[in-house]
$ cat input.cif   # mmCIF, C-alpha atoms
data_work
loop_
_atom_site.label_atom_id
_atom_site.label_comp_id
_atom_site.auth_asym_id
_atom_site.auth_seq_id
_atom_site.Cartn_x
_atom_site.Cartn_y
_atom_site.Cartn_z
CA MET A 1 26.85 -33.94 29.81
CA SER A 2 29.78 -36.16 28.95
CA LYS A 3 31.52 -35.97 25.61
CA GLN A 4 30.22 -39.46 24.78
CA ALA A 5 26.62 -38.41 25.55
CA VAL A 6 26.96 -35.37 23.28
CA GLN A 7 28.29 -37.52 20.42
CA GLN A 8 25.46 -40.04 20.83
CA GLN A 9 22.91 -37.21 20.78
CA GLN A 10 24.46 -35.80 17.62
CA LYS A 11 24.27 -39.24 15.95
CA ARG A 12 20.60 -39.60 16.91
CA GLN A 13 19.87 -36.13 15.57
CA LEU A 14 21.64 -36.84 12.27
CA LEU A 15 19.72 -40.11 11.90
CA PHE A 16 16.45 -38.30 12.64
CA ASP A 17 17.28 -35.57 10.11
CA ASP A 18 18.02 -38.18 7.44
CA LYS A 19 14.72 -39.94 8.07
CA LEU A 20 12.87 -36.61 8.09
CA SER A 21 14.44 -35.67 4.74
CA GLU A 22 13.29 -38.97 3.22
CA LEU A 23 9.83 -38.42 4.71
CA ALA A 24 9.65 -34.91 3.21
CA ILE A 25 10.46 -36.36 -0.23
CA ALA A 26 7.61 -38.86 0.20
CA ALA A 27 5.32 -36.05 1.37
CA ASP A 28 6.17 -33.99 -1.73
CA ALA A 29 5.38 -36.95 -3.99
CA LEU A 30 2.08 -37.44 -2.18
CA ARG A 31 1.21 -33.77 -2.67
CA ILE A 32 1.88 -34.00 -6.42
CA ALA A 33 -0.66 -36.81 -6.82
CA HIS A 34 -3.05 -35.45 -4.15
CA PRO A 35 -2.38 -31.68 -4.02
CA GLY A 36 -5.02 -30.95 -1.39
CA CYS A 37 -3.99 -33.68 1.03
CA GLY A 38 -4.00 -32.18 4.54
CA VAL A 39 -1.20 -32.78 7.02
CA GLU A 40 -3.19 -35.18 9.23
CA LYS A 41 -4.33 -37.18 6.20
CA MET A 42 -0.72 -37.13 5.00
CA TYR A 43 0.39 -38.71 8.30
CA ASN A 44 -2.28 -41.41 8.05
CA THR A 45 -1.14 -42.21 4.50
CA LEU A 46 2.63 -42.20 5.06
CA GLN A 47 2.53 -43.72 8.57
CA PRO A 48 6.16 -42.94 9.57
CA ASN A 49 7.42 -45.37 12.21
CA PHE A 50 9.79 -42.91 13.88
CA LEU A 51 7.42 -39.99 14.36
CA GLY A 52 4.14 -39.65 16.26
CA ARG A 53 1.05 -37.97 14.79
CA ASP A 54 1.19 -34.77 16.86
CA ARG A 55 4.90 -34.20 16.26
CA PHE A 56 4.49 -34.99 12.55
CA ILE A 57 1.69 -32.41 12.26
CA LYS A 58 3.68 -29.73 14.09
CA ILE A 59 6.86 -30.31 12.06
CA PHE A 60 5.11 -30.35 8.69
CA MET A 61 2.95 -27.37 9.56
CA ASP A 62 6.16 -25.49 10.40
CA LEU A 63 7.64 -26.68 7.10
CA GLY A 64 4.79 -25.00 5.23
CA TYR A 65 2.52 -27.93 4.37
CA ARG A 66 -0.62 -26.26 5.71
CA ILE A 67 -3.58 -26.36 3.31
CA LYS A 68 -5.70 -23.32 2.51
CA ARG A 69 -9.35 -24.21 2.02
CA SER A 70 -11.82 -22.46 -0.27
CA LYS A 71 -15.54 -22.22 0.41
CA ASN A 72 -18.53 -23.30 -1.68
CA TYR A 73 -21.10 -20.54 -2.04
CA ARG A 74 -23.09 -21.53 -5.11
CA LYS A 75 -26.41 -23.33 -4.78
CA THR A 76 -26.79 -26.48 -6.89
CA THR A 77 -29.82 -28.10 -5.24
CA TYR A 78 -33.29 -26.91 -6.15
CA PRO A 79 -35.80 -29.11 -4.29
CA SER A 80 -38.46 -30.75 -6.38
CA VAL A 81 -42.10 -30.02 -5.53
CA PHE A 82 -43.32 -33.00 -7.55
CA ALA A 83 -42.02 -35.95 -5.57
CA LYS A 84 -40.27 -36.77 -2.34
CA TYR A 85 -38.94 -40.10 -1.21
CA PRO A 86 -38.34 -41.01 2.46
CA ASN A 87 -34.94 -41.56 4.02
CA LEU A 88 -34.56 -45.35 3.86
CA ILE A 89 -30.94 -45.65 4.98
CA GLU A 90 -31.00 -44.01 8.41
CA GLY A 91 -29.45 -46.45 10.90
CA LEU A 92 -28.78 -49.02 8.18
CA LEU A 93 -25.89 -51.43 8.84
CA LEU A 94 -23.62 -51.75 5.80
CA TYR A 95 -21.89 -55.03 5.06
CA GLU A 96 -21.18 -55.13 1.30
CA PRO A 97 -20.66 -53.03 -1.87
CA SER A 98 -23.64 -51.82 -3.91
CA GLN A 99 -25.82 -51.73 -0.82
CA VAL A 100 -26.06 -47.93 -0.66
CA TRP A 101 -25.00 -45.40 -3.27
CA GLN A 102 -25.12 -41.70 -2.48
CA SER A 103 -25.13 -38.97 -5.10
CA ASP A 104 -24.72 -35.21 -5.14
CA ILE A 105 -24.02 -32.31 -7.50
CA THR A 106 -21.47 -29.54 -7.11
CA TYR A 107 -20.28 -26.60 -9.20
CA ILE A 108 -16.82 -25.83 -10.58
CA ARG A 109 -16.11 -22.24 -11.57
CA ILE A 110 -13.69 -21.45 -14.42
CA GLY A 111 -13.39 -17.72 -14.88
CA GLU A 112 -16.95 -16.42 -15.08
CA VAL A 113 -18.41 -19.73 -16.27
CA PHE A 114 -19.92 -22.36 -13.98
CA TYR A 115 -19.76 -26.07 -14.75
CA TYR A 116 -21.32 -28.86 -12.75
CA ALA A 117 -20.20 -32.30 -11.60
CA VAL A 118 -22.33 -35.24 -10.52
CA PHE A 119 -20.77 -37.91 -8.31
CA ILE A 120 -22.10 -41.29 -7.21
CA ILE A 121 -20.24 -42.97 -4.35
CA ASP A 122 -20.55 -46.47 -2.97
CA VAL A 123 -20.86 -45.81 0.76
CA TYR A 124 -19.39 -49.19 1.80
CA THR A 125 -16.21 -48.99 -0.32
CA LYS A 126 -16.03 -45.15 -0.54
CA LYS A 127 -15.32 -45.59 -4.25
CA ILE A 128 -16.61 -43.10 -6.82
CA VAL A 129 -18.52 -45.49 -9.06
CA GLY A 130 -19.91 -42.90 -11.46
CA TYR A 131 -19.48 -39.23 -12.33
CA CYS A 132 -20.21 -36.72 -15.08
CA VAL A 133 -19.12 -33.15 -15.79
CA SER A 134 -21.66 -30.90 -17.49
CA ASP A 135 -22.18 -27.28 -18.55
CA SER A 136 -25.67 -27.23 -17.03
CA LEU A 137 -27.77 -28.60 -14.19
CA ARG A 138 -29.89 -30.69 -16.54
CA ALA A 139 -30.64 -34.19 -15.29
CA GLN A 140 -29.06 -35.88 -18.31
CA ALA A 141 -25.70 -35.59 -16.53
CA ASN A 142 -27.10 -37.61 -13.64
CA VAL A 143 -28.27 -40.28 -16.05
CA LYS A 144 -24.77 -40.49 -17.60
CA ALA A 145 -23.18 -40.84 -14.16
CA LEU A 146 -25.65 -43.57 -13.22
CA LYS A 147 -25.02 -45.51 -16.44
CA MET A 148 -21.27 -45.30 -15.80
CA ALA A 149 -21.80 -46.63 -12.28
CA VAL A 150 -23.84 -49.66 -13.31
CA ALA A 151 -21.54 -50.51 -16.22
CA GLU A 152 -19.04 -52.09 -13.79
CA ASN A 153 -21.10 -52.56 -10.63
CA ASP A 154 -24.31 -54.23 -9.52
CA TRP A 155 -27.37 -52.04 -9.20
CA PRO A 156 -27.53 -50.76 -5.61
CA VAL A 157 -30.12 -51.82 -3.10
CA PHE A 158 -30.63 -48.15 -2.17
CA HIS A 159 -29.91 -44.94 -4.10
CA HIS A 160 -29.72 -41.99 -1.70
CA SER A 161 -29.57 -38.29 -2.57
CA ASP A 162 -30.88 -34.89 -1.62
CA ARG A 163 -34.26 -33.69 -2.87
CA GLY A 164 -32.87 -32.01 -6.00
CA SER A 165 -35.14 -32.01 -9.02
CA GLN A 166 -32.52 -33.96 -11.00
CA TYR A 167 -33.12 -36.98 -8.75
CA VAL A 168 -36.84 -37.18 -9.52
CA TYR A 169 -36.29 -36.95 -13.27
CA LYS A 170 -38.52 -39.73 -14.62
CA ILE A 171 -35.87 -41.38 -16.79
CA TYR A 172 -33.56 -41.47 -13.77
CA THR A 173 -36.10 -42.86 -11.31
CA ASP A 174 -37.35 -45.39 -13.87
CA LEU A 175 -33.82 -46.72 -14.38
CA LEU A 176 -33.46 -47.24 -10.64
CA GLU A 177 -36.87 -48.69 -9.90
CA ASN A 178 -36.95 -50.95 -12.98
CA ASN A 179 -33.69 -52.53 -11.80
CA GLY A 180 -34.84 -53.17 -8.25
CA THR A 181 -33.26 -50.15 -6.55
CA SER A 182 -35.17 -48.38 -3.77
CA ILE A 183 -34.96 -44.58 -3.90
CA SER A 184 -34.06 -42.78 -0.68
CA MET A 185 -33.80 -39.03 -0.06
CA CYS A 186 -32.53 -36.87 2.78
CA ASN A 187 -34.18 -33.94 4.49
CA MET A 188 -30.90 -32.25 5.48
CA ALA A 189 -27.44 -32.16 3.90
CA ILE A 190 -25.93 -34.04 6.86
CA GLU A 191 -28.01 -37.07 5.81
CA ASN A 192 -26.09 -37.15 2.51
CA ALA A 193 -22.69 -36.61 4.09
CA TYR A 194 -20.58 -39.09 2.10
CA ALA A 195 -21.56 -37.57 -1.25
CA GLU A 196 -21.12 -34.02 0.13
CA ARG A 197 -17.63 -34.93 1.29
CA ILE A 198 -16.66 -36.20 -2.16
CA ASN A 199 -17.65 -32.83 -3.62
CA ASN A 200 -15.34 -31.06 -1.22
CA THR A 201 -12.47 -33.49 -1.70
CA ILE A 202 -12.45 -33.46 -5.51
CA LYS A 203 -12.88 -29.69 -5.75
CA ASN A 204 -10.64 -28.49 -2.95
CA GLU A 205 -7.99 -31.21 -2.77
CA TYR A 206 -7.47 -31.67 -6.52
CA LEU A 207 -9.08 -29.23 -8.97
CA ALA A 208 -8.35 -26.11 -6.92
CA TYR A 209 -4.62 -26.85 -7.26
CA TRP A 210 -4.62 -27.99 -10.88
CA ASN A 211 -6.69 -24.93 -11.88
CA PRO A 212 -8.35 -26.07 -15.15
CA LYS A 213 -8.59 -23.33 -17.79
CA ASP A 214 -11.48 -24.62 -19.92
CA PHE A 215 -14.12 -27.34 -20.10
CA LYS A 216 -11.95 -29.90 -21.95
CA GLN A 217 -9.14 -29.46 -19.44
CA LEU A 218 -11.68 -29.78 -16.62
CA GLN A 219 -12.88 -33.10 -18.06
CA ARG A 220 -9.32 -34.45 -18.25
CA GLN A 221 -8.42 -33.29 -14.76
CA MET A 222 -11.69 -34.61 -13.33
CA LYS A 223 -10.90 -38.06 -14.69
CA LYS A 224 -7.45 -37.88 -13.10
CA ALA A 225 -8.86 -36.65 -9.78
CA VAL A 226 -11.42 -39.47 -9.60
CA PHE A 227 -8.70 -42.03 -10.45
CA ASN A 228 -6.27 -40.63 -7.85
CA TYR A 229 -8.97 -40.47 -5.19
#

$ encode --input "input.cif" --output "structure tokens"
Amino acid sequence: MSKQAVQQQQKRQLLFDDKLSELAIAADALRIAHPGCGVEKMYNTLQPNFLGRDRFIKIFMDLGYRIKRSKNYRKTTYPSVFAKYPNLIEGLLLYEPSQVWQSDITYIRIGEVFYYAVFIIDVYTKKIVGYCVSDSLRAQANVKALKMAVAENDWPVFHHSDRGSQYVYKIYTDLLENNGTSISMCNMAIENAYAERINNTIKNEYLAYWNPKDFKQLQRQMKKAVFNY
């Protein structure tokens, strides 16, 4: 190689290193707000114009940005034997907000105590429209989440969930049906995938890193997680 070619290569490398340093600063800021953001999702968010997806993933994996995932082992769904609604949203084409809301419940463990979170997501916008954190699996938490959702949004055309007993609680179903919402239920978890994914995202990409120490701290951090998401 000529001396000129070597110098040009060195300049390109220095320019690349400078851009990579700036990108790493942006990645660190992203991780502070979204601590469980994976490397591929990080690339899609930052969209660097000098680096392809595969190279970005390799470099940032090598830099130690790999995410460790935890697993959910606790059962939160106890199917109701009193009522079952059909799946009304299978194959449905979505074209606007408040067409389909999906809801699910997950647990959050703090020490030896289990708390529970209800989420309601608008499938079209992917926005969490309602949520509630509770110290039990009682259906009142679902009612609170639903009331939060309709405070700033239209009642949905369809409300979709699993067959948990909380979703056939009479006060809950009456609120939906009396406001023109059709109740839909899944037979398998995959049919409630959007709500299931929210559970995983909030727990494993936010709360697992913030590590709440008590119920009040959990409530504050949950509010922050929902806002950031």

$ atom_distance --input "input.cif" --atom1 "CA of Phe114 (chain A)" --atom2 "CA of Lys84 (chain A)"
27.5 Å

$ residues_around --input "input.cif" --residues "region 153-166 of chain A" --least-positions-apart "3" --cutoff "8 Å" --atoms "all atoms listed in the file" --output "compact mmCIF listing (two decimals) with C-alpha atoms, in the coordinates of the input"
# COMPACT_ATOMS: atom_id res chain seq x y z
CA THR A 77 -29.82 -28.10 -5.24
CA TYR A 78 -33.29 -26.91 -6.15
CA PRO A 79 -35.80 -29.11 -4.29
CA SER A 80 -38.46 -30.75 -6.38
CA LYS A 84 -40.27 -36.77 -2.34
CA ASN A 87 -34.94 -41.56 4.02
CA LEU A 88 -34.56 -45.35 3.86
CA ILE A 89 -30.94 -45.65 4.98
CA SER A 98 -23.64 -51.82 -3.91
CA GLN A 99 -25.82 -51.73 -0.82
CA VAL A 100 -26.06 -47.93 -0.66
CA TRP A 101 -25.00 -45.40 -3.27
CA GLN A 102 -25.12 -41.70 -2.48
CA SER A 103 -25.13 -38.97 -5.10
CA ASP A 104 -24.72 -35.21 -5.14
CA VAL A 129 -18.52 -45.49 -9.06
CA LEU A 137 -27.77 -28.60 -14.19
CA ARG A 138 -29.89 -30.69 -16.54
CA ALA A 139 -30.64 -34.19 -15.29
CA ASN A 142 -27.10 -37.61 -13.64
CA ALA A 149 -21.80 -46.63 -12.28
CA VAL A 150 -23.84 -49.66 -13.31
CA TYR A 169 -36.29 -36.95 -13.27
CA LEU A 176 -33.46 -47.24 -10.64
CA ASN A 179 -33.69 -52.53 -11.80
CA GLY A 180 -34.84 -53.17 -8.25
CA THR A 181 -33.26 -50.15 -6.55
CA SER A 182 -35.17 -48.38 -3.77
CA ILE A 183 -34.96 -44.58 -3.90
CA SER A 184 -34.06 -42.78 -0.68
CA MET A 185 -33.80 -39.03 -0.06
CA CYS A 186 -32.53 -36.87 2.78
CA ASN A 187 -34.18 -33.94 4.49
CA MET A 188 -30.90 -32.25 5.48
CA ALA A 189 -27.44 -32.16 3.90
CA ASN A 192 -26.09 -37.15 2.51

$ resolve_selection --input "input.cif" --expression "the PyMOL selection byres ((chain A and resi 50) around 9)" --output "number ranges by chain"
A: 16, 19, 48-49, 51-52

$ closest_residue --input "input.cif" --among "A:Ile120, A:Ile198, A:Ile128, A:Ile25" --to "Tyr167 (chain A)" --atoms "only C-alpha atoms"
A:Ile120

$ residues_around --input "input.cif" --residues "Gly111 (chain A)" --least-positions-apart "4" --cutoff "10 Å" --atoms "all atoms listed in the file" --output "list of chain:residue names"
A:Pro212, A:Lys213, A:Asp214

$ resolve_selection --input "input.cif" --expression "the PyMOL selection byres ((chain A and resi 28-31) around 12)" --output "PyMOL selection string"
chain A and resi 21-27+32-39+41-46+60+63-67+205-206+209-210+228-229

$ atom_distance --input "input.cif" --atom1 "CA of Arg12 (chain A)" --atom2 "CA of Asp62 (chain A)"
21.2 Å

$ closest_residue --input "input.cif" --among "A:Ser134, A:Thr125, A:Thr106, A:Asn178" --to "Ile202 (chain A)" --atoms "only C-alpha atoms"
A:Thr106

$ build_atoms --input "input.cif" --residues "region 146-178 of chain A" --atoms "N, CA and C atoms" --output "short mmCIF file (atom, residue, chain, number, x, y, z; two decimals), in the coordinates of the input"
data_model
loop_
_atom_site.label_atom_id
_atom_site.label_comp_id
_atom_site.auth_asym_id
_atom_site.auth_seq_id
_atom_site.Cartn_x
_atom_site.Cartn_y
_atom_site.Cartn_z
N LEU A 146 -25.04 -42.31 -13.67
CA LEU A 146 -25.65 -43.57 -13.22
C LEU A 146 -25.30 -44.72 -14.16
N LYS A 147 -25.35 -44.47 -15.47
CA LYS A 147 -25.02 -45.51 -16.44
C LYS A 147 -23.56 -45.92 -16.33
N MET A 148 -22.67 -44.96 -16.03
CA MET A 148 -21.27 -45.30 -15.80
C MET A 148 -21.14 -46.20 -14.57
N ALA A 149 -21.90 -45.88 -13.53
CA ALA A 149 -21.80 -46.63 -12.28
C ALA A 149 -22.24 -48.08 -12.45
N VAL A 150 -23.32 -48.30 -13.19
CA VAL A 150 -23.84 -49.66 -13.31
C VAL A 150 -23.14 -50.46 -14.40
N ALA A 151 -22.27 -49.79 -15.17
CA ALA A 151 -21.54 -50.51 -16.22
C ALA A 151 -20.56 -51.51 -15.61
N GLU A 152 -20.03 -51.21 -14.41
CA GLU A 152 -19.04 -52.09 -13.79
C GLU A 152 -19.43 -52.52 -12.38
N ASN A 153 -20.66 -52.21 -11.98
CA ASN A 153 -21.10 -52.56 -10.63
C ASN A 153 -22.54 -53.06 -10.67
N ASP A 154 -22.92 -53.81 -9.65
CA ASP A 154 -24.31 -54.23 -9.52
C ASP A 154 -25.19 -53.02 -9.19
N TRP A 155 -26.44 -53.08 -9.59
CA TRP A 155 -27.37 -52.04 -9.20
C TRP A 155 -27.47 -52.00 -7.67
N PRO A 156 -27.51 -50.82 -7.08
CA PRO A 156 -27.53 -50.76 -5.61
C PRO A 156 -28.89 -51.15 -5.04
N VAL A 157 -28.86 -51.55 -3.80
CA VAL A 157 -30.12 -51.82 -3.10
C VAL A 157 -30.85 -50.50 -2.84
N PHE A 158 -30.07 -49.47 -2.43
CA PHE A 158 -30.63 -48.15 -2.17
C PHE A 158 -29.83 -47.08 -2.93
N HIS A 159 -30.52 -46.14 -3.52
CA HIS A 159 -29.91 -44.94 -4.10
C HIS A 159 -30.37 -43.76 -3.25
N HIS A 160 -29.40 -43.06 -2.66
CA HIS A 160 -29.72 -41.99 -1.70
C HIS A 160 -29.19 -40.66 -2.23
N SER A 161 -29.97 -39.61 -2.08
CA SER A 161 -29.57 -38.29 -2.57
C SER A 161 -30.32 -37.22 -1.79
N ASP A 162 -30.04 -35.96 -2.15
CA ASP A 162 -30.88 -34.89 -1.62
C ASP A 162 -32.17 -34.82 -2.43
N ARG A 163 -32.96 -33.78 -2.21
CA ARG A 163 -34.26 -33.69 -2.87
C ARG A 163 -34.20 -32.85 -4.15
N GLY A 164 -33.02 -32.77 -4.77
CA GLY A 164 -32.87 -32.01 -6.00
C GLY A 164 -33.77 -32.54 -7.11
N SER A 165 -34.21 -31.62 -7.95
CA SER A 165 -35.14 -32.01 -9.02
C SER A 165 -34.52 -33.01 -9.98
N GLN A 166 -33.18 -33.01 -10.10
CA GLN A 166 -32.52 -33.96 -11.00
C GLN A 166 -32.76 -35.41 -10.57
N TYR A 167 -32.98 -35.63 -9.27
CA TYR A 167 -33.12 -36.98 -8.75
C TYR A 167 -34.56 -37.52 -8.80
N VAL A 168 -35.49 -36.68 -9.28
CA VAL A 168 -36.84 -37.18 -9.52
C VAL A 168 -37.17 -37.12 -11.01
N TYR A 169 -36.15 -36.90 -11.82
CA TYR A 169 -36.29 -36.95 -13.27
C TYR A 169 -36.77 -38.35 -13.65
N LYS A 170 -37.84 -38.45 -14.41
CA LYS A 170 -38.52 -39.73 -14.62
C LYS A 170 -37.61 -40.79 -15.22
N ILE A 171 -36.78 -40.40 -16.19
CA ILE A 171 -35.87 -41.38 -16.79
C ILE A 171 -34.93 -41.93 -15.73
N TYR A 172 -34.49 -41.06 -14.83
CA TYR A 172 -33.56 -41.47 -13.77
C TYR A 172 -34.24 -42.41 -12.78
N THR A 173 -35.40 -42.02 -12.30
CA THR A 173 -36.10 -42.86 -11.31
C THR A 173 -36.56 -44.18 -11.92
N ASP A 174 -36.94 -44.14 -13.21
CA ASP A 174 -37.35 -45.39 -13.87
C ASP A 174 -36.19 -46.36 -13.97
N LEU A 175 -35.00 -45.86 -14.30
CA LEU A 175 -33.82 -46.72 -14.38
C LEU A 175 -33.57 -47.42 -13.04
N LEU A 176 -33.70 -46.67 -11.96
CA LEU A 176 -33.46 -47.24 -10.64
C LEU A 176 -34.53 -48.26 -10.27
N GLU A 177 -35.77 -47.84 -10.37
CA GLU A 177 -36.87 -48.69 -9.90
C GLU A 177 -37.04 -49.94 -10.78
N ASN A 178 -36.80 -49.79 -12.08
CA ASN A 178 -36.95 -50.95 -12.98
C ASN A 178 -35.85 -51.99 -12.78
#
